[in-house]
Structure formats: C-alpha cells, structure tokens
Protein chains: 2
Amino acid sequence: MAGMDERKFRILQAIIDDYILTAMPVGSRTISKKYDMGLSSATIRNEMSDLEELGYLDQPHVSAGRVPSAKAYRLYVDELLRGGLIADDSAEAVRSYFTARSRQMEDVIEQAAQVLSSLTNYTAVVLEPGGAQPRIRNLQLVPVSDQTALMVIVTDSGVVRDTVVRIPARMDADTLYSVSRSLTEALAGCTLQEACERMPALTMGRDSEAEEKLMASLEGVLSDRAAAPRPRRMTVGGASNMLTYPEYNDMEKARGLLSVIETRDRLARIIQSQGDVAFTVRIGPETGVPEMSDCSIVTATYTTRQGRHGTLGVIGPTRMQYGRVLSILSIMGQQLSELLGPEEDSPPRDESRK
Amino acid sequence: MAGMDERKFRILQAIIDDYILTAMPVGSRTISKKYDMGLSSATIRNEMSDLEELGYLDQPHVSAGRVPSAKAYRLYVDELLRGGLIADDSAEAVRSYFTARSRQMEDVIEQAAQVLSSLTNYTAVVLEPGGAQPRIRNLQLVPVSDQTALMVIVTDSGVVRDTVVRIPARMDADTLYSVSRSLTEALAGCTLQEACERMPALTMGRDSEAEEKLMASLEGVLSDRAAAPRPRRMTVGGASNMLTYPEYNDMEKARGLLSVIETRDRLARIIQSQGDVAFTVRIGPETGVPEMSDCSIVTATYTTRQGRHGTLGVIGPTRMQYGRVLSILSIMGQQLSELLGPEEDSPPRDESRK
DNA sequence: GTTAGCACTCGATGTCGGTGAGTGCTAACC
DNA sequence: GGTTAGCACTCACCGACATCGAGTGCTAAC
C-alpha cells in the first residue's frame with residue numbers, strides 16, 4: 001500500500017463507486033463535482049495520475065477517464081470487509097422474499113438461488129453442503145419384486161440413500177427384515193467404507209446359501225456407494241442477468257461465460273468456497289477461470305445442524321456492488337443456516353424427493 | 001398452397017436451404033448459380049416476386065435478397081415430414097456418443113441433453129416421462145431416531161418416494177415393521193389417493209393409542225404426497241449455443257430467450273409435447289412464446305417400459321437445420337426408449353439417488 | 001500544495017460519395 | 001407465352017474526412 005494516503009484512498013473509492021454505477025470511465029471533473037471532496041478537478045487529476053502509477057487505475061486511452069484495476073477492487077473490498085458490513089435496508093427485503101415454503105433441501109436451495117439472483121441482479125449459485133463421511137444409522141431391505149429389493153440406508157446426518165439390489169429368489173419379506181435387523185445392529189455407527197470391510201465377516205456366519213448370496217450382492221452395492229459419493233446438488237439462478245451488463249456486449253465473451261456457468265461440475269468446483277472463512281471475494285483473474293477474467297465471485301458459507309458447510313455465491317462483473325452483495329449474502333447465509341439449522345422439533349432430514 | 005407449382009416449390013426449397021446455411025438474405029443470382037435449376041436469374045426473380053406475394057418470402061429492404069417467412073418453413077417442414085426422414089450419417093454419431101454410462105433416469109436425461117446439444121449445436125431439453133398415477137407396491141417404515149421414521153413407498157413403476165414422519169416415542173423397530181407389513185397388505189395396488197381414503201378405516205382397528213397416532217400422522221403425509229406429485233425432472237444443455245447465431249446478436253432478444261430457458265417450470269410446460277405424435281415442430285410464432293418468436297422448437301417422444309412418455313427437444317433459430325435435427329431426434333428417441341425400455345433383467349427402477 | 005488555464009489527444013458521431021448486390025421492368029427471343 | 005438479356009434504380013455498407021467534446025498533462029500563478 002506504499003504511496004497511498006488517506007486522500008488518495010477516498011478519491012479511489014469515489015472513482016470505484018462511480019464506475020460501479022455507470023460502467024463508464026470516470027473523469028477528474030466528475031469526481032470533483034459529484035462527490036464533493038472540496039478539491040478542484042486539477043488536483044484530482046494529479047492524484048489520479050499517481051493512482052495510475054501505483055497500479056490502481058487503468059486508462060483505456062489517453063482522452064478517456066480512468067477505470068479501476070483489479071488491484072483497486074481488491075483494496076476496496078478489503079476495506080469493506082475490515083470495516084464490517086454496512087447495515088443495508090435489504091435485510092428486510094431478504095426476509096420478506098425468502099419465506100420458506102419447505103424445508104426440503106432441494107426446494108430451499110432452488111428458492112435461495114432464485115431470490116439471491118433477483119435481489120442482486122447478478123447470477124446466483126447455491127451449493128448443497130458437502131457431507132462429511134456419513135455414518136450408518138439404519139439399514140433396511142424393502143422388497144420390490146421377487147427378484148429385487150430396495151436397500152435403504154439412513155445416515156446420522158439424516159440423508160437417505162437407496163439402491164436397488166438383486167436378491168435370491170424365494171426370499172420373503174420376513175427374512176429380509178431379519179437380515180436387515182442384524183445388519184443394522186452390526187453396522188450402526190460405521191461409515192460406508194467400514195461397512196464394506198465388515199461385510200465379509202458378517203457373511204461367514206450365515207446359515208443358508210441364499211443369505212450368503214444376498215450378503216455378497218449387498219457388499220458389492222455398498223462398495224459402489226462408498227466409491228462414488230453422491231454429487232452435491234446445486235442450483236443456478238439468473239444466468240441471463242449477465243447479459244444485462246455492458247461488459248458482456250461482446251457475444252464471444254458472453255458465450256464463454258455462460259458456457260462455464262452451464263457446465264455444472266465445473267461451476268461447482270469454482271464456486272465451492274475453500275476454507276472455513278465466512279466470505280470469499282475473488283476478483284477478475286483471482287477467479288482462476290480465463291472466461292471469468294472480468295467477473296468477480298463472492299461466496300458465503302452457511303451451516304447445517306450437522307455442522308456441514310454449504311456455499312452460496314454471486315457471480316457478477318468486476319464492478320459489482322460489493323457492499324450490497326456482501327450484506328445480502330450475509331443475511332441469506334444466516335437465513336439458510338436457520339432454516340436448515342438446529343431446530344430439533346423439525347424432521348431431521350434435509351433432503352428428500354417429493 | 002394456391003398458386004404454388006412444382007418449380008416455385010423447388011426454388012423456395014433452395015432459398016430456404018441457402019438461408020439456413022448462411023443466415024443472409026438470398027438473391028436471385030445465388031439461386032440460379034449455386035443451385036443449378038437451369039433458369040436464369042431473371043426468371044428466378046419473377047418467381048421470387050410471386051413467392052413474396054404468396055407470403056412465403058420477406059424482403060428486409062428493396063435491394064437485399066429475400067428471407068423465408070414462417071409460412072415458408074412450415075411448408076418446408078411439412079414436406080420434409082411427409083417425405084419421411086432422410087437417412088442421415090448422424091445415426092452412427094449418435095450411437096457412438098450416446099453410450100449409456102448408467103440406467104439411472106437422472107443420468108440418462110442429463111447425458112441425453114448434453115449429447116443432443118453438442119450434436120446439433122442448438123439448445124437441447126430432455127424431459128422425464130410424466131408418471132401415470134403410481135400404484136403402491138410396498139410401504140415400509142424405517143426408524144431414523146426415536147421420534148422419527150422414514151416412510152419408504154415403492155411403486156409399481158419402480159419409483160421410490162420417501163418422507164420423514166414423526167412417530168410416537170417408544171415405538172420399537174419390530175412394531176414399526178409389523179405396522180408396515182399390515183399396511184403393505186392393505187394398500188398394495190392402491191394409488192396414493194386411494195390409500196388416503198382407506199387410512200381412516202385402517203386406523204380404527206388398531207389396538208394401541210400409539211399406533212392410532214402413528215396412523216394419523218401417516219395419513220397426513222400420504223395426503224400431502226398425493227396432493228403434490230413430484231415435478232418431472234428436466235435437463236437443459238447448450239443454452240449458450242443460442243448466442244452463436246447472428247439472429248441473437250441483439251442482447252435484449254438473447255436475454256429474453258435465455259431467461260425463458262432458465263425458468264424451468266415455464267420451459268417444461270413449453271417443451272412438453274402435446275398428444276401422441278412422434279414429432280412436433282413449432283415454428284416462430286407457433287411456439288406461442290413472444291420471446292421465442294424467431295425460434296423453432298422441435299420435439300420428439302420416447303417411451304419407457306411402463307408406457308410412460310417423455311419428451312426430448314431442440315430449440316434453435318427458425319432457420320434451423322430441420323432435416324438434421326429431426327433425424328437426430330428420431331435416433332435419440334429410439335436410443336432413449338431402448339435404454340429405458342423393456343429390458344426385464346435390469347433393475348426395475350428408473351430413478352435413484354447416487 | 002492547490003488551482004486556473006491551455007494545448008493536445010483521441011474516440012465518438014455525422015456527413016458524403018463510391019461501390020455493389022439485388023430488384024423490377026421492358027423488350028427481344030424462341 | 002414463357003424465358004432471358006439489358007438496364008435503370010434502390011439502398012445498405014464502407015472508407016474518408018471533418019467536427020465535437022470529454023478528458024488529460026503541463027505550466028504558471030496563487
């Protein structure tokens with residue numbers, strides 16, 4: 001921050017504010033008039049020249065105004081975060097829009113992305129919490145046909161997983177139930193991996209050949225499941241909002257960006273916040289995605305009852321309304337945590353199919 | 001079709017073919033040279049003038065070539081459909097790209113949309129078959145905590161539905177199992193509505209108060225479920241492809257279109273093919289969606305083992321490569337039907353969570 | 001250190017003639 | 001009578017050129 005004094009910083013802030021609003025290069029006259037700093041345009045000019053030398057401003061061409069650089073936004077945002085979030089009138093708006101219709105994870109996520117995008121006018125992404133290794137609480141076999149059964153696994157985080165397994169013919173419901181009971185007893189508290197490891201031992205003790213065959217097929221299914229964890233659900237809202245902003249007037253750029261947003265697994269990896277921080281702000285090149293070199297990504301974390309962390313985020317142009325976005329994200333994060341959080345008297349599942 | 005002779009039609013076809021390729025107004029000279037009809041440009045000119053009068057051609061301005069109208073595409077497509085689909089070399093391409101990684105409905109749908117969009121370069125939508133009223137085959141209560149249990153319903157189409165229900169305290173697994181068995185016996189073959197209606201009668205006969213309470217809460221859950229059927233899954237691929245086409249150089253138009261595509265329930269209603277026809281082609285205004293007035297929508301139907309109909313479709317500019325799209329859709333429809341069709345030795349579920 | 005004044009730069013906008021693709025019409029041709 | 005060559009006409013597109021104005025950097029005075 002060498003060479004940066006209080007006044008320069010205030011001028012820089014004014015420039016950024018104006019640019020965020022108008023998307024037009026900002027001139028010295030604009031600053032001295034619209035944001036009354038008690039300085040003439042000439043003085044501002046000198047300061048701007050310094051700021052450019054310091055790398056905070058870019059000049060598209062000599063007779064245009066100046067445009068903040070990524071470095072400038074970085075400074076701006078760091079200051080914003082340091083100073084704590086400004087209380088914003090959007091708190092009420094969020095609360096009134098985001099009324100839980102349902103506590104089903106899928107619905108909540110969907111609605112959150114919707115509200116977030118329409119509140120910010122940017123693109124919103126909401127990512128379901130990634131599970132820690134779930135532990136088995138109950139395992140049950142439900143007959144489906146005479147050749148197949150459904151294996152339902154209830155885990156400690158309330159998530160249910162189910163798979164169809166083949167069963168030896170002529171195995172009736174009661175037998176399936178008794179197998180289920182003994183498996184539940186043996187495997188309760190295990191992770192899927194542990195369960196796989198214990199299966200061989202459990203298989204040994206069976207008295208009928210049919211049961212042994214069943215156990216073998218269960219083991220196969222369990223190890224499949226352990227190897228391929230369910231991908232996290234994710235919803236995107238307001239992708240078309242990006243086309244509103246002049247920075248995406250160029251079709252090629254717009255297409256590139258949208259195509260990244262469309263590629264769900266890629267997007268999930270991008271949006272997933274790393275670490276335990278409350279907020280992440282990645283500006284332009286910091287996103288690490290070439291197609292997003294003039295986007296910023298702001299993410300926040302929410303937490304479910306089981307301590308699992310989900311992510312919600314906003315993708316917008318680098319000249320994003322960071323203040324507003326941060327406060328909306330913070331409020332929505334709270335709301336999500338509350339909704340999915342420790343309300344013991346609500347059903348302890350966070351996911352289901354309708 | 002009045003005033004339309006064989007030659008006029010051939011010329012119209014040539015114009016449409018050229019316009020589909022180039023997106024540029026087509027002149028009389030182009031037709032007489034590139035598509036050798038053995039006619040001079042002057043003759044073509046006279047015919048084009050007639051075609052314009054008949055409403056098949058539009059002229060952006062006097063010194064530009066002609067552009068096909070929606071009416072022209074309609075004629076063109078009707079002829080295409082009447083003549084049967086031209087065998088296309090894309091059959092092999094489809095088969096090689098679209099290799100089933102999985103038989104899970106969700107995966108299949110996802111992959112189909114992906115392949116369809118990258119094969120056509122348009123936007124692809126694949127809609128899961130809408131269920132007929134599913135009939136209960138098995139109902140099971142799986143303990144989750146001491147206050148809650150999971151109600152798993154297996155239906156005849158193999159779809160599983162599950163919900164958490166509250167249970168009276170101190171009801172052990174065995175009791176839940178016996179309740180499950182008797183419910184399964186009583187309700188097997190019922191639709192959800194029928195099940196709801198029968199519940200009161202079944203509740204009466206219970207001997208303990210706890211069981212009565214349980215039955216009451218089950219009834220509540222069942223009627224919720226019956227009232228709100230699960231929405232059909234749908235996946236969209238290649239939405240950003242639309243930005244490739246010059247007709248969407250106008251940002252406002254592009255945004256409007258993308259925003260329709262983003263609104264999932266609206267899109268689902270649009271894409272859902274009505275009737276039992278194999279193909280639907282809606283051209284421009286025929287879509288009934290203002291934002292899609294210069295799009296065409298082509299859909300095809302596929303059929304699962306249970307005779308349920310799903311839809312797959314393509315959204316592109318009105319100057320779409322109808323021939324190619326129709327043949328790709330037809331092949332993909334077959335593939336989907338095969339994949340989800342009558343293979344009795346595969347697991348009889350068509351959906352699951354990973 | 002601040003500011004008024006001024007020359008200078010350069011993108012944006014507007015005007016204008018030239019170019020060429022395309023049309024419509026007429027008259028000649030078969 | 002249908003087909004075609006020929007020709008005048010239209011009009012979007014393009015490059016050249018002038019103009020305008022927002023904005024800068026520099027200098028000199030306060």
# chains A, B, ... in the order shown; residues from 1 in each chain; ligands from 1
>>> select_by_dssp(residues="stretch 145-236 of chain A", states="alpha helix (DSSP H)", output="PyMOL selection string")
chain A and resi 173-187+192-204+209-227
>>> write_last_selection(atoms="N, CA and C atoms", output="CSV table (one decimal), in the first residue's frame")
chain,number,residue,atom,x,y,z
A,173,ALA,N,-40.4,-61.5,2.8
A,173,ALA,CA,-40.3,-60.2,3.5
A,173,ALA,C,-39.7,-60.3,4.9
A,174,ASP,N,-40.2,-61.3,5.6
A,174,ASP,CA,-39.7,-61.5,6.9
A,174,ASP,C,-38.3,-61.8,7.0
A,175,THR,N,-37.8,-62.7,6.1
A,175,THR,CA,-36.4,-63.0,6.1
A,175,THR,C,-35.6,-61.7,5.8
A,176,LEU,N,-36.0,-60.9,4.8
A,176,LEU,CA,-35.3,-59.7,4.6
A,176,LEU,C,-35.3,-58.8,5.8
A,177,TYR,N,-36.4,-58.8,6.5
A,177,TYR,CA,-36.5,-58.0,7.7
A,177,TYR,C,-35.5,-58.4,8.7
A,178,SER,N,-35.4,-59.7,8.9
A,178,SER,CA,-34.5,-60.2,10.0
A,178,SER,C,-33.0,-59.9,9.5
A,179,VAL,N,-32.7,-60.1,8.3
A,179,VAL,CA,-31.4,-59.8,7.8
A,179,VAL,C,-31.1,-58.3,8.1
A,180,SER,N,-32.1,-57.5,7.7
A,180,SER,CA,-31.9,-56.0,7.9
A,180,SER,C,-31.6,-55.7,9.4
A,181,ARG,N,-32.4,-56.3,10.3
A,181,ARG,CA,-32.1,-56.0,11.7
A,181,ARG,C,-30.7,-56.4,12.1
A,182,SER,N,-30.3,-57.6,11.7
A,182,SER,CA,-29.0,-58.0,12.2
A,182,SER,C,-27.9,-57.1,11.5
A,183,LEU,N,-28.1,-56.7,10.3
A,183,LEU,CA,-27.2,-55.8,9.6
A,183,LEU,C,-27.1,-54.4,10.3
A,184,THR,N,-28.3,-53.9,10.7
A,184,THR,CA,-28.4,-52.6,11.3
A,184,THR,C,-27.6,-52.7,12.7
A,185,GLU,N,-27.8,-53.8,13.4
A,185,GLU,CA,-27.1,-53.9,14.7
A,185,GLU,C,-25.6,-54.0,14.4
A,186,ALA,N,-25.1,-54.7,13.4
A,186,ALA,CA,-23.7,-54.9,13.2
A,186,ALA,C,-23.0,-53.6,12.6
A,187,LEU,N,-23.8,-52.9,11.9
A,187,LEU,CA,-23.1,-51.8,11.1
A,187,LEU,C,-23.5,-50.4,11.6
A,192,LEU,N,-19.5,-45.9,5.3
A,192,LEU,CA,-19.7,-46.9,4.3
A,192,LEU,C,-18.5,-47.8,4.1
A,193,GLN,N,-17.3,-47.1,4.1
A,193,GLN,CA,-16.1,-47.9,4.0
A,193,GLN,C,-16.0,-49.0,5.0
A,194,GLU,N,-16.1,-48.6,6.2
A,194,GLU,CA,-16.1,-49.5,7.3
A,194,GLU,C,-17.1,-50.7,7.2
A,195,ALA,N,-18.3,-50.3,6.7
A,195,ALA,CA,-19.3,-51.3,6.5
A,195,ALA,C,-18.8,-52.3,5.5
A,196,CYS,N,-18.2,-51.9,4.4
A,196,CYS,CA,-17.7,-52.8,3.4
A,196,CYS,C,-16.7,-53.8,4.0
A,197,GLU,N,-15.8,-53.2,4.8
A,197,GLU,CA,-14.8,-54.0,5.4
A,197,GLU,C,-15.4,-55.1,6.3
A,198,ARG,N,-16.4,-54.8,7.0
A,198,ARG,CA,-17.0,-55.7,7.9
A,198,ARG,C,-17.9,-56.8,7.3
A,199,MET,N,-18.3,-56.5,6.0
A,199,MET,CA,-19.2,-57.4,5.4
A,199,MET,C,-18.8,-58.8,5.3
A,200,PRO,N,-17.5,-59.1,4.9
A,200,PRO,CA,-17.1,-60.5,4.7
A,200,PRO,C,-17.3,-61.2,6.0
A,201,ALA,N,-16.9,-60.6,7.1
A,201,ALA,CA,-17.0,-61.3,8.4
A,201,ALA,C,-18.5,-61.7,8.7
A,202,LEU,N,-19.4,-60.7,8.3
A,202,LEU,CA,-20.8,-61.0,8.6
A,202,LEU,C,-21.4,-62.1,7.7
A,203,THR,N,-20.8,-62.1,6.5
A,203,THR,CA,-21.3,-63.1,5.5
A,203,THR,C,-21.0,-64.5,6.0
A,204,MET,N,-19.8,-64.7,6.6
A,204,MET,CA,-19.4,-66.0,7.1
A,204,MET,C,-20.5,-66.7,7.9
A,209,GLU,N,-27.5,-70.7,2.1
A,209,GLU,CA,-26.7,-70.3,1.0
A,209,GLU,C,-27.3,-69.0,0.4
A,210,ALA,N,-28.6,-69.0,0.4
A,210,ALA,CA,-29.3,-67.8,-0.2
A,210,ALA,C,-28.9,-66.5,0.5
A,211,GLU,N,-28.8,-66.6,1.8
A,211,GLU,CA,-28.4,-65.4,2.6
A,211,GLU,C,-27.0,-65.0,2.3
A,212,GLU,N,-26.2,-66.0,2.1
A,212,GLU,CA,-24.8,-65.7,1.7
A,212,GLU,C,-24.7,-64.9,0.4
A,213,LYS,N,-25.5,-65.4,-0.6
A,213,LYS,CA,-25.5,-64.7,-1.9
A,213,LYS,C,-26.0,-63.3,-1.7
A,214,LEU,N,-27.1,-63.1,-0.9
A,214,LEU,CA,-27.6,-61.8,-0.7
A,214,LEU,C,-26.5,-60.9,-0.1
A,215,MET,N,-25.8,-61.4,0.9
A,215,MET,CA,-24.8,-60.6,1.5
A,215,MET,C,-23.7,-60.1,0.5
A,216,ALA,N,-23.4,-61.1,-0.3
A,216,ALA,CA,-22.4,-60.8,-1.3
A,216,ALA,C,-22.8,-59.6,-2.2
A,217,SER,N,-24.1,-59.7,-2.6
A,217,SER,CA,-24.6,-58.6,-3.5
A,217,SER,C,-24.7,-57.3,-2.8
A,218,LEU,N,-25.0,-57.4,-1.5
A,218,LEU,CA,-25.1,-56.1,-0.7
A,218,LEU,C,-23.7,-55.5,-0.6
A,219,GLU,N,-22.7,-56.4,-0.4
A,219,GLU,CA,-21.4,-55.8,-0.3
A,219,GLU,C,-21.0,-55.1,-1.5
A,220,GLY,N,-21.3,-55.7,-2.7
A,220,GLY,CA,-21.0,-55.0,-3.9
A,220,GLY,C,-21.6,-53.7,-4.0
A,221,VAL,N,-22.9,-53.6,-3.7
A,221,VAL,CA,-23.6,-52.3,-3.7
A,221,VAL,C,-22.9,-51.3,-2.8
A,222,LEU,N,-22.6,-51.7,-1.6
A,222,LEU,CA,-22.1,-50.8,-0.6
A,222,LEU,C,-20.7,-50.3,-1.1
A,223,SER,N,-19.9,-51.1,-1.7
A,223,SER,CA,-18.6,-50.6,-2.1
A,223,SER,C,-18.8,-49.7,-3.3
A,224,ASP,N,-19.8,-49.9,-4.2
A,224,ASP,CA,-20.0,-48.9,-5.2
A,224,ASP,C,-20.4,-47.6,-4.6
A,225,ARG,N,-21.2,-47.6,-3.6
A,225,ARG,CA,-21.7,-46.4,-3.0
A,225,ARG,C,-20.6,-45.7,-2.3
A,226,ALA,N,-19.7,-46.4,-1.6
A,226,ALA,CA,-18.6,-45.8,-0.9
A,226,ALA,C,-17.7,-45.2,-1.9
A,227,ALA,N,-17.5,-45.8,-3.1
A,227,ALA,CA,-16.6,-45.3,-4.0
A,227,ALA,C,-17.1,-44.0,-4.7
>>> interface_residues(of="chain D", to="chain B", cutoff="12 Å", atoms="only C-alpha atoms (C1' of nucleotides)", output="PyMOL selection string")
chain D and resi 2-6+9-13
>>> write_last_selection(atoms="N, CA and C atoms (P, O5', C5', C4', C3', O3' and C1' of nucleotides)", output="PDB file, in the first residue's frame")
ATOM      1  P    DG D   2     -47.192 -18.113 -69.568  1.00  0.00           P
ATOM      2  O5'  DG D   2     -45.729 -18.675 -69.302  1.00  0.00           O
ATOM      3  C5'  DG D   2     -45.412 -20.000 -69.713  1.00  0.00           C
ATOM      4  C4'  DG D   2     -43.978 -20.048 -70.148  1.00  0.00           C
ATOM      5  C3'  DG D   2     -42.982 -19.603 -69.066  1.00  0.00           C
ATOM      6  O3'  DG D   2     -41.892 -20.509 -69.051  1.00  0.00           O
ATOM      7  C1'  DG D   2     -42.608 -18.388 -71.047  1.00  0.00           C
ATOM      8  P    DT D   3     -40.731 -20.374 -67.990  1.00  0.00           P
ATOM      9  O5'  DT D   3     -39.600 -19.604 -68.798  1.00  0.00           O
ATOM     10  C5'  DT D   3     -38.958 -20.281 -69.880  1.00  0.00           C
ATOM     11  C4'  DT D   3     -37.875 -19.413 -70.445  1.00  0.00           C
ATOM     12  C3'  DT D   3     -36.856 -18.899 -69.426  1.00  0.00           C
ATOM     13  O3'  DT D   3     -35.555 -19.218 -69.904  1.00  0.00           O
ATOM     14  C1'  DT D   3     -37.652 -17.115 -70.753  1.00  0.00           C
ATOM     15  P    DT D   4     -34.295 -19.008 -68.970  1.00  0.00           P
ATOM     16  O5'  DT D   4     -33.698 -17.656 -69.549  1.00  0.00           O
ATOM     17  C5'  DT D   4     -33.405 -17.584 -70.938  1.00  0.00           C
ATOM     18  C4'  DT D   4     -33.058 -16.169 -71.316  1.00  0.00           C
ATOM     19  C3'  DT D   4     -32.060 -15.475 -70.370  1.00  0.00           C
ATOM     20  O3'  DT D   4     -31.115 -14.781 -71.164  1.00  0.00           O
ATOM     21  C1'  DT D   4     -33.906 -14.102 -70.708  1.00  0.00           C
ATOM     22  P    DA D   5     -29.582 -14.818 -70.674  1.00  0.00           P
ATOM     23  O5'  DA D   5     -29.054 -13.449 -71.306  1.00  0.00           O
ATOM     24  C5'  DA D   5     -29.303 -13.182 -72.681  1.00  0.00           C
ATOM     25  C4'  DA D   5     -29.492 -11.695 -72.888  1.00  0.00           C
ATOM     26  C3'  DA D   5     -28.471 -10.822 -72.161  1.00  0.00           C
ATOM     27  O3'  DA D   5     -27.974  -9.859 -73.084  1.00  0.00           O
ATOM     28  C1'  DA D   5     -30.672 -10.123 -71.610  1.00  0.00           C
ATOM     29  P    DG D   6     -26.817  -8.857 -72.691  1.00  0.00           P
ATOM     30  O5'  DG D   6     -27.645  -7.557 -72.334  1.00  0.00           O
ATOM     31  C5'  DG D   6     -28.725  -7.155 -73.181  1.00  0.00           C
ATOM     32  C4'  DG D   6     -29.351  -5.901 -72.652  1.00  0.00           C
ATOM     33  C3'  DG D   6     -28.373  -4.994 -71.892  1.00  0.00           C
ATOM     34  O3'  DG D   6     -28.604  -3.652 -72.280  1.00  0.00           O
ATOM     35  C1'  DG D   6     -30.229  -5.494 -70.514  1.00  0.00           C
ATOM     36  P    DC D   9     -33.128   5.847 -63.745  1.00  0.00           P
ATOM     37  O5'  DC D   9     -33.413   5.065 -62.390  1.00  0.00           O
ATOM     38  C5'  DC D   9     -34.509   4.159 -62.332  1.00  0.00           C
ATOM     39  C4'  DC D   9     -34.513   3.466 -60.979  1.00  0.00           C
ATOM     40  C3'  DC D   9     -34.001   4.347 -59.840  1.00  0.00           C
ATOM     41  O3'  DC D   9     -34.921   4.270 -58.760  1.00  0.00           O
ATOM     42  C1'  DC D   9     -32.892   2.261 -59.843  1.00  0.00           C
ATOM     43  P    DT D  10     -34.722   5.228 -57.508  1.00  0.00           P
ATOM     44  O5'  DT D  10     -34.470   4.164 -56.364  1.00  0.00           O
ATOM     45  C5'  DT D  10     -35.218   2.951 -56.375  1.00  0.00           C
ATOM     46  C4'  DT D  10     -34.717   2.059 -55.261  1.00  0.00           C
ATOM     47  C3'  DT D  10     -34.311   2.792 -53.992  1.00  0.00           C
ATOM     48  O3'  DT D  10     -34.870   2.072 -52.899  1.00  0.00           O
ATOM     49  C1'  DT D  10     -32.532   1.433 -54.733  1.00  0.00           C
ATOM     50  P    DC D  11     -35.030   2.744 -51.491  1.00  0.00           P
ATOM     51  O5'  DC D  11     -33.792   2.124 -50.741  1.00  0.00           O
ATOM     52  C5'  DC D  11     -33.611   0.704 -50.779  1.00  0.00           C
ATOM     53  C4'  DC D  11     -32.265   0.366 -50.191  1.00  0.00           C
ATOM     54  C3'  DC D  11     -31.817   1.301 -49.068  1.00  0.00           C
ATOM     55  O3'  DC D  11     -31.227   0.513 -48.075  1.00  0.00           O
ATOM     56  C1'  DC D  11     -30.158   1.186 -50.686  1.00  0.00           C
ATOM     57  P    DA D  12     -31.405   0.890 -46.558  1.00  0.00           P
ATOM     58  O5'  DA D  12     -30.272  -0.019 -45.910  1.00  0.00           O
ATOM     59  C5'  DA D  12     -30.362  -1.430 -46.073  1.00  0.00           C
ATOM     60  C4'  DA D  12     -28.977  -2.009 -46.268  1.00  0.00           C
ATOM     61  C3'  DA D  12     -27.991  -1.711 -45.125  1.00  0.00           C
ATOM     62  O3'  DA D  12     -27.254  -2.890 -44.869  1.00  0.00           O
ATOM     63  C1'  DA D  12     -27.110  -0.925 -47.188  1.00  0.00           C
ATOM     64  P    DC D  13     -26.278  -2.949 -43.619  1.00  0.00           P
ATOM     65  O5'  DC D  13     -24.872  -2.659 -44.314  1.00  0.00           O
ATOM     66  C5'  DC D  13     -24.485  -3.441 -45.444  1.00  0.00           C
ATOM     67  C4'  DC D  13     -23.127  -2.980 -45.915  1.00  0.00           C
ATOM     68  C3'  DC D  13     -22.179  -2.548 -44.800  1.00  0.00           C
ATOM     69  O3'  DC D  13     -20.921  -3.152 -45.025  1.00  0.00           O
ATOM     70  C1'  DC D  13     -22.325  -0.864 -46.415  1.00  0.00           C
TER      71       DC D  13
END
>>> interface_residues(of="chain C", to="chain A", cutoff="7 Å", atoms="only C-alpha atoms (C1' of nucleotides)", output="list in words")
DT2, DT3, DT9 and DC10 of chain C
>>> select_by_dssp(residues="stretch 38-196 of chain B", states="strand (DSSP E or B)", output="CSV table (one decimal) with C-alpha atoms, in the first residue's frame")
chain,number,residue,atom,x,y,z
B,57,LEU,CA,-40.8,-14.7,-48.7
B,58,ASP,CA,-40.0,-11.4,-47.0
B,66,ARG,CA,-35.2,-12.5,-49.8
B,67,VAL,CA,-35.7,-14.2,-46.5
B,68,PRO,CA,-38.1,-17.2,-45.9
B,123,THR,CA,-30.2,-25.9,-27.1
B,124,ALA,CA,-31.5,-29.3,-26.0
B,125,VAL,CA,-34.1,-30.1,-23.5
B,126,VAL,CA,-34.9,-33.5,-22.2
B,127,LEU,CA,-38.0,-34.1,-20.0
B,135,ARG,CA,-49.6,-47.7,-7.5
B,136,ILE,CA,-48.2,-48.7,-4.2
B,137,ARG,CA,-46.4,-52.0,-4.1
B,138,ASN,CA,-44.7,-51.8,-0.7
B,139,LEU,CA,-44.7,-49.4,2.2
B,140,GLN,CA,-42.1,-49.6,4.9
B,141,LEU,CA,-41.3,-47.6,8.0
B,142,VAL,CA,-37.6,-47.4,8.8
B,143,PRO,CA,-36.6,-46.0,12.2
B,148,THR,CA,-39.0,-40.1,13.6
B,149,ALA,CA,-39.1,-42.7,11.0
B,150,LEU,CA,-38.7,-42.8,7.3
B,151,MET,CA,-41.6,-43.9,5.2
B,152,VAL,CA,-40.5,-45.5,2.0
B,153,ILE,CA,-43.0,-46.2,-0.7
B,154,VAL,CA,-42.1,-48.5,-3.6
B,155,THR,CA,-44.4,-48.1,-6.5
B,160,VAL,CA,-39.4,-44.7,-4.7
B,161,ARG,CA,-40.7,-41.9,-2.6
B,162,ASP,CA,-39.7,-41.3,0.9
B,163,THR,CA,-40.6,-38.9,3.6
B,164,VAL,CA,-39.8,-38.5,7.2
B,165,VAL,CA,-42.7,-38.9,9.6
B,166,ARG,CA,-43.0,-38.3,13.3
B,191,THR,CA,-52.9,-45.1,-5.8
>>> closest_atom_pairs(of="chain A", to="chain B", cutoff="6 Å", atoms="only C-alpha atoms", output="JSON lines")
{"residue": "A:Arg230", "atom": "CA", "partner": "B:Lys354", "partner_atom": "CA", "distance": 4.7}
{"residue": "A:Ser240", "atom": "CA", "partner": "B:Ser259", "partner_atom": "CA", "distance": 5.6}
{"residue": "A:Arg255", "atom": "CA", "partner": "B:Ser240", "partner_atom": "CA", "distance": 5.6}
{"residue": "A:Leu258", "atom": "CA", "partner": "B:Ser240", "partner_atom": "CA", "distance": 5.7}
{"residue": "A:Ser259", "atom": "CA", "partner": "B:Ser240", "partner_atom": "CA", "distance": 5.6}
{"residue": "A:Lys354", "atom": "CA", "partner": "B:Arg230", "partner_atom": "CA", "distance": 4.8}
>>> atom_distance(atom1="atom C1' of C:DG11", atom2="atom CA of A:Tyr76")
29.3 Å
>>> atom_distance(atom1="atom CA of B:Leu339", atom2="atom CA of B:Gly323")
24.3 Å
>>> residues_around(residues="A:Gln274", least_positions_apart="2", cutoff="12 Å", atoms="only C-alpha atoms (C1' of nucleotides)", output="PyMOL selection string")
chain A and resi 268-272+276-282+299-301+309-311
>>> atom_distance(atom1="atom CA of B:Val94", atom2="atom CA of B:Ile16")
25.9 Å
